[in-house]
$ cat work00.pdb   # PDB, C-alpha atoms and all ligand atoms
ATOM      1  CA  MET Y   1     -66.781  27.915   8.721  1.00  0.00           C
ATOM      2  CA  SER Y   2     -64.532  28.392  11.679  1.00  0.00           C
ATOM      3  CA  VAL Y   3     -66.432  28.050  14.902  1.00  0.00           C
ATOM      4  CA  HIS Y   4     -64.931  29.029  18.218  1.00  0.00           C
ATOM      5  CA  VAL Y   5     -65.911  26.038  20.284  1.00  0.00           C
ATOM      6  CA  GLN Y   6     -65.274  27.725  23.638  1.00  0.00           C
ATOM      7  CA  ALA Y   7     -67.205  30.828  22.754  1.00  0.00           C
ATOM      8  CA  ILE Y   8     -70.266  29.113  21.347  1.00  0.00           C
ATOM      9  CA  LYS Y   9     -70.860  27.264  24.628  1.00  0.00           C
ATOM     10  CA  ALA Y  10     -72.919  30.139  25.947  1.00  0.00           C
ATOM     11  CA  LEU Y  11     -75.581  29.404  23.326  1.00  0.00           C
ATOM     12  CA  THR Y  12     -78.181  26.758  24.135  1.00  0.00           C
ATOM     13  CA  PRO Y  13     -77.080  23.311  22.940  1.00  0.00           C
ATOM     14  CA  ALA Y  14     -79.887  23.256  20.351  1.00  0.00           C
ATOM     15  CA  ASP Y  15     -78.880  26.632  18.908  1.00  0.00           C
ATOM     16  CA  TYR Y  16     -75.252  25.646  18.883  1.00  0.00           C
ATOM     17  CA  LEU Y  17     -76.009  22.389  17.077  1.00  0.00           C
ATOM     18  CA  MET Y  18     -78.154  24.139  14.498  1.00  0.00           C
ATOM     19  CA  ILE Y  19     -75.512  26.750  13.626  1.00  0.00           C
ATOM     20  CA  GLU Y  20     -72.775  24.139  13.560  1.00  0.00           C
ATOM     21  CA  LYS Y  21     -74.792  21.758  11.376  1.00  0.00           C
ATOM     22  CA  GLU Y  22     -75.754  24.469   8.897  1.00  0.00           C
ATOM     23  CA  HIS Y  23     -72.196  25.802   8.643  1.00  0.00           C
ATOM     24  CA  ARG Y  24     -71.076  22.238   7.908  1.00  0.00           C
ATOM     25  CA  LEU Y  25     -73.742  21.918   5.183  1.00  0.00           C
ATOM     26  CA  LEU Y  26     -72.505  25.145   3.595  1.00  0.00           C
ATOM     27  CA  GLU Y  27     -68.924  23.862   3.704  1.00  0.00           C
ATOM     28  CA  LYS Y  28     -70.012  20.574   2.137  1.00  0.00           C
ATOM     29  CA  PHE Y  29     -71.896  22.455  -0.545  1.00  0.00           C
ATOM     30  CA  LEU Y  30     -68.720  24.377  -1.450  1.00  0.00           C
ATOM     31  CA  THR Y  31     -66.673  21.170  -1.717  1.00  0.00           C
ATOM     32  CA  ASP Y  32     -69.375  19.541  -3.855  1.00  0.00           C
ATOM     33  CA  LEU Y  33     -69.491  22.587  -6.105  1.00  0.00           C
ATOM     34  CA  ARG Y  34     -65.694  22.557  -6.489  1.00  0.00           C
ATOM     35  CA  ASP Y  35     -65.713  18.849  -7.385  1.00  0.00           C
ATOM     36  CA  ALA Y  36     -68.916  18.809  -9.436  1.00  0.00           C
ATOM     37  CA  CYS Y  37     -67.255  18.912 -12.818  1.00  0.00           C
ATOM     38  CA  ALA Y  38     -64.564  16.226 -12.992  1.00  0.00           C
ATOM     39  CA  CYS Y  39     -62.244  18.602 -14.860  1.00  0.00           C
ATOM     40  CA  SER Y  40     -62.535  21.360 -12.262  1.00  0.00           C
ATOM     41  CA  LYS Y  41     -60.753  19.364  -9.568  1.00  0.00           C
ATOM     42  CA  GLN Y  42     -57.628  18.752 -11.629  1.00  0.00           C
ATOM     43  CA  GLU Y  43     -54.446  20.367 -10.363  1.00  0.00           C
ATOM     44  CA  LYS Y  44     -53.436  21.537 -13.802  1.00  0.00           C
ATOM     45  CA  LEU Y  45     -55.442  23.932 -15.950  1.00  0.00           C
ATOM     46  CA  PRO Y  46     -58.945  22.537 -16.411  1.00  0.00           C
ATOM     47  CA  ASP Y  47     -59.602  21.126 -19.820  1.00  0.00           C
ATOM     48  CA  CYS Y  48     -63.136  20.066 -20.686  1.00  0.00           C
ATOM     49  CA  SER Y  49     -62.257  19.477 -24.310  1.00  0.00           C
ATOM     50  CA  ARG Y  50     -61.460  15.845 -23.502  1.00  0.00           C
ATOM     51  CA  CYS Y  51     -65.054  15.309 -22.335  1.00  0.00           C
ATOM     52  CA  ASP Y  52     -67.667  14.720 -25.006  1.00  0.00           C
ATOM     53  CA  TYR Y  53     -70.308  17.332 -25.778  1.00  0.00           C
ATOM     54  CA  GLU Y  54     -73.014  15.567 -23.711  1.00  0.00           C
ATOM     55  CA  LYS Y  55     -70.772  15.465 -20.655  1.00  0.00           C
ATOM     56  CA  GLN Y  56     -69.885  19.153 -21.014  1.00  0.00           C
ATOM     57  CA  THR Y  57     -73.535  20.118 -21.474  1.00  0.00           C
ATOM     58  CA  SER Y  58     -74.559  18.060 -18.451  1.00  0.00           C
ATOM     59  CA  CYS Y  59     -71.886  19.707 -16.243  1.00  0.00           C
ATOM     60  CA  GLN Y  60     -72.961  23.160 -17.318  1.00  0.00           C
ATOM     61  CA  GLY Y  61     -76.647  22.236 -17.019  1.00  0.00           C
ATOM     62  CA  ARG Y  62     -76.221  21.207 -13.371  1.00  0.00           C
ATOM     63  CA  LEU Y  63     -74.866  24.574 -12.264  1.00  0.00           C
ATOM     64  CA  PRO Y  64     -78.272  26.263 -11.736  1.00  0.00           C
ATOM     65  CA  SER Y  65     -79.394  23.403  -9.432  1.00  0.00           C
ATOM     66  CA  PHE Y  66     -76.303  23.992  -7.297  1.00  0.00           C
ATOM     67  CA  LEU Y  67     -77.210  27.648  -7.022  1.00  0.00           C
ATOM     68  CA  TYR Y  68     -80.881  26.973  -6.214  1.00  0.00           C
ATOM     69  CA  TYR Y  69     -79.765  24.539  -3.537  1.00  0.00           C
ATOM     70  CA  VAL Y  70     -77.400  27.022  -1.862  1.00  0.00           C
ATOM     71  CA  ILE Y  71     -80.051  29.758  -2.072  1.00  0.00           C
ATOM     72  CA  ASP Y  72     -82.415  27.532  -0.027  1.00  0.00           C
ATOM     73  CA  LEU Y  73     -79.679  26.488   2.357  1.00  0.00           C
ATOM     74  CA  ALA Y  74     -78.441  30.040   2.962  1.00  0.00           C
ATOM     75  CA  ALA Y  75     -81.970  31.472   3.327  1.00  0.00           C
ATOM     76  CA  ASP Y  76     -82.863  28.917   6.023  1.00  0.00           C
ATOM     77  CA  HIS Y  77     -79.537  29.363   7.774  1.00  0.00           C
ATOM     78  CA  PHE Y  78     -79.747  33.149   7.811  1.00  0.00           C
ATOM     79  CA  ASP Y  79     -83.307  32.995   9.225  1.00  0.00           C
ATOM     80  CA  HIS Y  80     -82.156  30.629  11.973  1.00  0.00           C
ATOM     81  CA  GLU Y  81     -79.045  32.667  12.779  1.00  0.00           C
ATOM     82  CA  GLU Y  82     -81.072  35.886  12.991  1.00  0.00           C
ATOM     83  CA  ALA Y  83     -83.647  34.248  15.291  1.00  0.00           C
ATOM     84  CA  ILE Y  84     -80.827  32.952  17.521  1.00  0.00           C
ATOM     85  CA  MET Y  85     -79.235  36.416  17.619  1.00  0.00           C
ATOM     86  CA  LEU Y  86     -82.546  37.966  18.676  1.00  0.00           C
ATOM     87  CA  LYS Y  87     -82.686  35.579  21.626  1.00  0.00           C
ATOM     88  CA  ARG Y  88     -79.418  37.029  23.008  1.00  0.00           C
ATOM     89  CA  PRO Y  89     -79.689  39.457  25.906  1.00  0.00           C
ATOM     90  CA  HIS Y  90     -79.800  43.108  24.748  1.00  0.00           C
ATOM     91  CA  VAL Y  91     -80.300  42.230  21.071  1.00  0.00           C
ATOM     92  CA  THR Y  92     -83.352  43.774  19.418  1.00  0.00           C
ATOM     93  CA  GLU Y  93     -84.367  44.430  15.797  1.00  0.00           C
ATOM     94  CA  ASP Y  94     -82.870  47.933  16.204  1.00  0.00           C
ATOM     95  CA  TYR Y  95     -79.578  46.847  17.679  1.00  0.00           C
ATOM     96  CA  GLU Y  96     -76.974  48.106  15.209  1.00  0.00           C
ATOM     97  CA  TYR Y  97     -74.867  44.991  15.087  1.00  0.00           C
ATOM     98  CA  TYR Y  98     -77.961  42.859  14.467  1.00  0.00           C
ATOM     99  CA  ARG Y  99     -79.114  45.176  11.654  1.00  0.00           C
ATOM    100  CA  MET Y 100     -75.696  45.084   9.977  1.00  0.00           C
ATOM    101  CA  HIS Y 101     -75.486  41.303  10.208  1.00  0.00           C
ATOM    102  CA  LYS Y 102     -79.009  40.927   8.803  1.00  0.00           C
ATOM    103  CA  LEU Y 103     -78.167  43.366   6.002  1.00  0.00           C
ATOM    104  CA  ALA Y 104     -75.058  41.328   5.158  1.00  0.00           C
ATOM    105  CA  HIS Y 105     -77.273  38.226   4.899  1.00  0.00           C
ATOM    106  CA  ALA Y 106     -79.633  40.088   2.542  1.00  0.00           C
ATOM    107  CA  GLU Y 107     -76.666  41.173   0.412  1.00  0.00           C
ATOM    108  CA  ILE Y 108     -75.460  37.586   0.111  1.00  0.00           C
ATOM    109  CA  MET Y 109     -78.955  36.479  -0.962  1.00  0.00           C
ATOM    110  CA  HIS Y 110     -78.972  39.240  -3.569  1.00  0.00           C
ATOM    111  CA  LYS Y 111     -75.570  38.136  -4.902  1.00  0.00           C
ATOM    112  CA  LEU Y 112     -76.632  34.479  -5.011  1.00  0.00           C
ATOM    113  CA  ASN Y 113     -79.694  35.389  -7.073  1.00  0.00           C
ATOM    114  CA  ALA Y 114     -77.535  37.512  -9.392  1.00  0.00           C
ATOM    115  CA  LEU Y 115     -75.265  34.481  -9.909  1.00  0.00           C
ATOM    116  CA  VAL Y 116     -78.275  32.487 -11.148  1.00  0.00           C
ATOM    117  CA  ASP Y 117     -78.866  35.147 -13.813  1.00  0.00           C
ATOM    118  CA  GLU Y 118     -75.175  35.122 -14.674  1.00  0.00           C
ATOM    119  CA  CYS Y 119     -75.348  31.363 -14.956  1.00  0.00           C
ATOM    120  CA  PHE Y 120     -78.207  31.448 -17.481  1.00  0.00           C
ATOM    121  CA  ALA Y 121     -76.386  34.098 -19.520  1.00  0.00           C
ATOM    122  CA  LEU Y 122     -73.284  31.916 -19.869  1.00  0.00           C
ATOM    123  CA  ASP Y 123     -71.893  31.192 -23.279  1.00  0.00           C
ATOM    124  CA  ARG Y 124     -72.659  27.557 -24.101  1.00  0.00           C
ATOM    125  CA  GLU Y 125     -69.160  27.209 -25.550  1.00  0.00           C
ATOM    126  CA  ALA Y 126     -67.436  28.447 -22.412  1.00  0.00           C
ATOM    127  CA  ASN Y 127     -65.049  26.175 -20.528  1.00  0.00           C
ATOM    128  CA  THR Y 128     -67.339  24.505 -17.991  1.00  0.00           C
ATOM    129  CA  ALA Y 129     -64.603  23.610 -15.494  1.00  0.00           C
ATOM    130  CA  GLU Y 130     -63.420  27.214 -15.437  1.00  0.00           C
ATOM    131  CA  ILE Y 131     -66.996  28.338 -14.739  1.00  0.00           C
ATOM    132  CA  TYR Y 132     -67.250  25.914 -11.796  1.00  0.00           C
ATOM    133  CA  ILE Y 133     -63.901  27.113 -10.429  1.00  0.00           C
ATOM    134  CA  ARG Y 134     -64.968  30.755 -10.820  1.00  0.00           C
ATOM    135  CA  PHE Y 135     -68.322  30.188  -9.073  1.00  0.00           C
ATOM    136  CA  TYR Y 136     -66.634  28.139  -6.345  1.00  0.00           C
ATOM    137  CA  GLN Y 137     -64.104  30.916  -5.707  1.00  0.00           C
ATOM    138  CA  LYS Y 138     -66.787  33.609  -5.674  1.00  0.00           C
ATOM    139  CA  LEU Y 139     -68.997  31.721  -3.232  1.00  0.00           C
ATOM    140  CA  SER Y 140     -66.120  30.616  -0.982  1.00  0.00           C
ATOM    141  CA  SER Y 141     -64.755  34.112  -0.607  1.00  0.00           C
ATOM    142  CA  MET Y 142     -68.259  35.507  -0.032  1.00  0.00           C
ATOM    143  CA  PHE Y 143     -68.977  33.051   2.809  1.00  0.00           C
ATOM    144  CA  GLU Y 144     -65.456  33.343   4.274  1.00  0.00           C
ATOM    145  CA  GLU Y 145     -65.697  37.121   4.317  1.00  0.00           C
ATOM    146  CA  HIS Y 146     -69.093  36.882   6.019  1.00  0.00           C
ATOM    147  CA  ASP Y 147     -67.673  34.558   8.676  1.00  0.00           C
ATOM    148  CA  ARG Y 148     -64.744  36.850   9.392  1.00  0.00           C
ATOM    149  CA  SER Y 149     -66.875  39.986   9.573  1.00  0.00           C
ATOM    150  CA  PHE Y 150     -70.045  38.686  11.226  1.00  0.00           C
ATOM    151  CA  ASP Y 151     -70.416  35.051  12.302  1.00  0.00           C
ATOM    152  CA  ASP Y 152     -67.087  34.724  14.134  1.00  0.00           C
ATOM    153  CA  PRO Y 153     -67.567  37.995  16.096  1.00  0.00           C
ATOM    154  CA  PHE Y 154     -71.176  36.973  16.853  1.00  0.00           C
ATOM    155  CA  ILE Y 155     -70.083  33.626  18.209  1.00  0.00           C
ATOM    156  CA  LEU Y 156     -67.342  35.340  20.246  1.00  0.00           C
ATOM    157  CA  SER Y 157     -69.953  37.703  21.667  1.00  0.00           C
ATOM    158  CA  THR Y 158     -71.881  34.752  23.106  1.00  0.00           C
ATOM    159  CA  LYS Y 159     -69.039  34.410  25.605  1.00  0.00           C
ATOM    160  CA  THR Y 160     -70.440  35.347  28.962  1.00  0.00           C
TER     161      THR Y 160
HETATM  162 FE    FE J   1     -74.319  35.252   9.485  1.00  0.00          FE
HETATM  163 FE    FE J   2     -73.686  31.651   9.563  1.00  0.00          FE
END
$ encode --input "work00.pdb" --output "structure tokens"
Amino acid sequence: MSVHVQAIKALTPADYLMIEKEHRLLEKFLTDLRDACACSKQEKLPDCSRCDYEKQTSCQGRLPSFLYYVIDLAADHFDHEEAIMLKRPHVTEDYEYYRMHKLAHAEIMHKLNALVDECFALDREANTAEIYIRFYQKLSSMFEEHDRSFDDPFILSTKT
């Protein structure tokens, strides 16, 4: 997550550290998800057929845990970010920008939960590495889009 170091200085050090730490955890999660299945990090087209059936099943079986982990991580982070926003001068529950940002968080949570369902509906024969790459791309673009539209402007707004 890109953080404007100058701009964030107007937040209290504790708030700044919390947002920074949680954004780093989300970034780390995305890298771990990308690299979780050995075949998904290959430059060329992923090919799980060289892994034995147990390995393929174990890669696919780990996907829900990744999703449950990011659901917890994102839920905590969104709560913290919303509480920090409410501490800003002029920001109330009714403030439009706050409501839109909070709504965007709720939409991400909804999409993450839908991905869990999608994950359990996956065809057991599907190419596991491709599934990891697809989920990684979906989640990365979702978080990047959120940063561009909400977190970056919020952090900029903390400039005095
Ligand atoms: Fe946010
Ligand atoms: Fe955030």
$ closest_residue --input "work00.pdb" --among "Y:Ser40, Y:Ser149, Y:Thr158, Y:Gln137" --to "ligand FE 1 (chain J)" --atoms "all atoms listed in the file"
Y:Ser149
$ atom_distance --input "work00.pdb" --atom1 "atom CA of Y:Ala114" --atom2 "atom CA of Y:Met142"
13.3 Å
$ resolve_selection --input "work00.pdb" --expression "the PyMOL selection byres (((not hetatm)) within 8 of (chain J and resi 2))" --output "ChimeraX atom specification"
/Y:1,19,22-23,77-78,81,146-147,151
$ resolve_selection --input "work00.pdb" --expression "the PyMOL selection byres (((not hetatm)) within 12 of (chain J and resi 1))" --output "count of residues only"
46
$ closest_residue --input "work00.pdb" --among "Y:Ala121, Y:Cys51, Y:Leu73, Y:Pro89" --to "Y:Leu25" --atoms "only C-alpha atoms"
Y:Leu73
$ residues_around --input "work00.pdb" --residues "Y:Glu118" --least-positions-apart "4" --cutoff "12 Å" --atoms "only C-alpha atoms" --output "list in words"
Leu63, Pro64, Leu67, Lys111, Leu112, Asn113, Ala114, Leu122, Asp123, Ile131, Arg134 and Phe135 of chain Y
$ decode --input "work00.pdb" --residues "stretch 28-43 of chain Y" --atoms "C-alpha atoms" --output "PDB file, in the first residue's frame"
ATOM      1  CA  LYS Y  28       2.746  -9.552   2.979  1.00  0.00           C
ATOM      2  CA  PHE Y  29      -0.449 -11.563   2.814  1.00  0.00           C
ATOM      3  CA  LEU Y  30      -0.705 -10.879  -0.937  1.00  0.00           C
ATOM      4  CA  THR Y  31       2.894 -11.988  -1.538  1.00  0.00           C
ATOM      5  CA  ASP Y  32       2.342 -15.141   0.531  1.00  0.00           C
ATOM      6  CA  LEU Y  33      -0.828 -15.902  -1.398  1.00  0.00           C
ATOM      7  CA  ARG Y  34       0.977 -15.425  -4.727  1.00  0.00           C
ATOM      8  CA  ASP Y  35       3.801 -17.748  -3.643  1.00  0.00           C
ATOM      9  CA  ALA Y  36       1.708 -20.279  -1.724  1.00  0.00           C
ATOM     10  CA  CYS Y  37       1.557 -22.866  -4.462  1.00  0.00           C
ATOM     11  CA  ALA Y  38       5.069 -23.538  -5.768  1.00  0.00           C
ATOM     12  CA  CYS Y  39       3.761 -23.705  -9.342  1.00  0.00           C
ATOM     13  CA  SER Y  40       2.016 -20.335  -9.148  1.00  0.00           C
ATOM     14  CA  LYS Y  41       5.260 -18.384  -8.849  1.00  0.00           C
ATOM     15  CA  GLN Y  42       6.773 -19.777 -12.037  1.00  0.00           C
ATOM     16  CA  GLU Y  43       7.346 -17.296 -14.839  1.00  0.00           C
TER      17      GLU Y  43
END
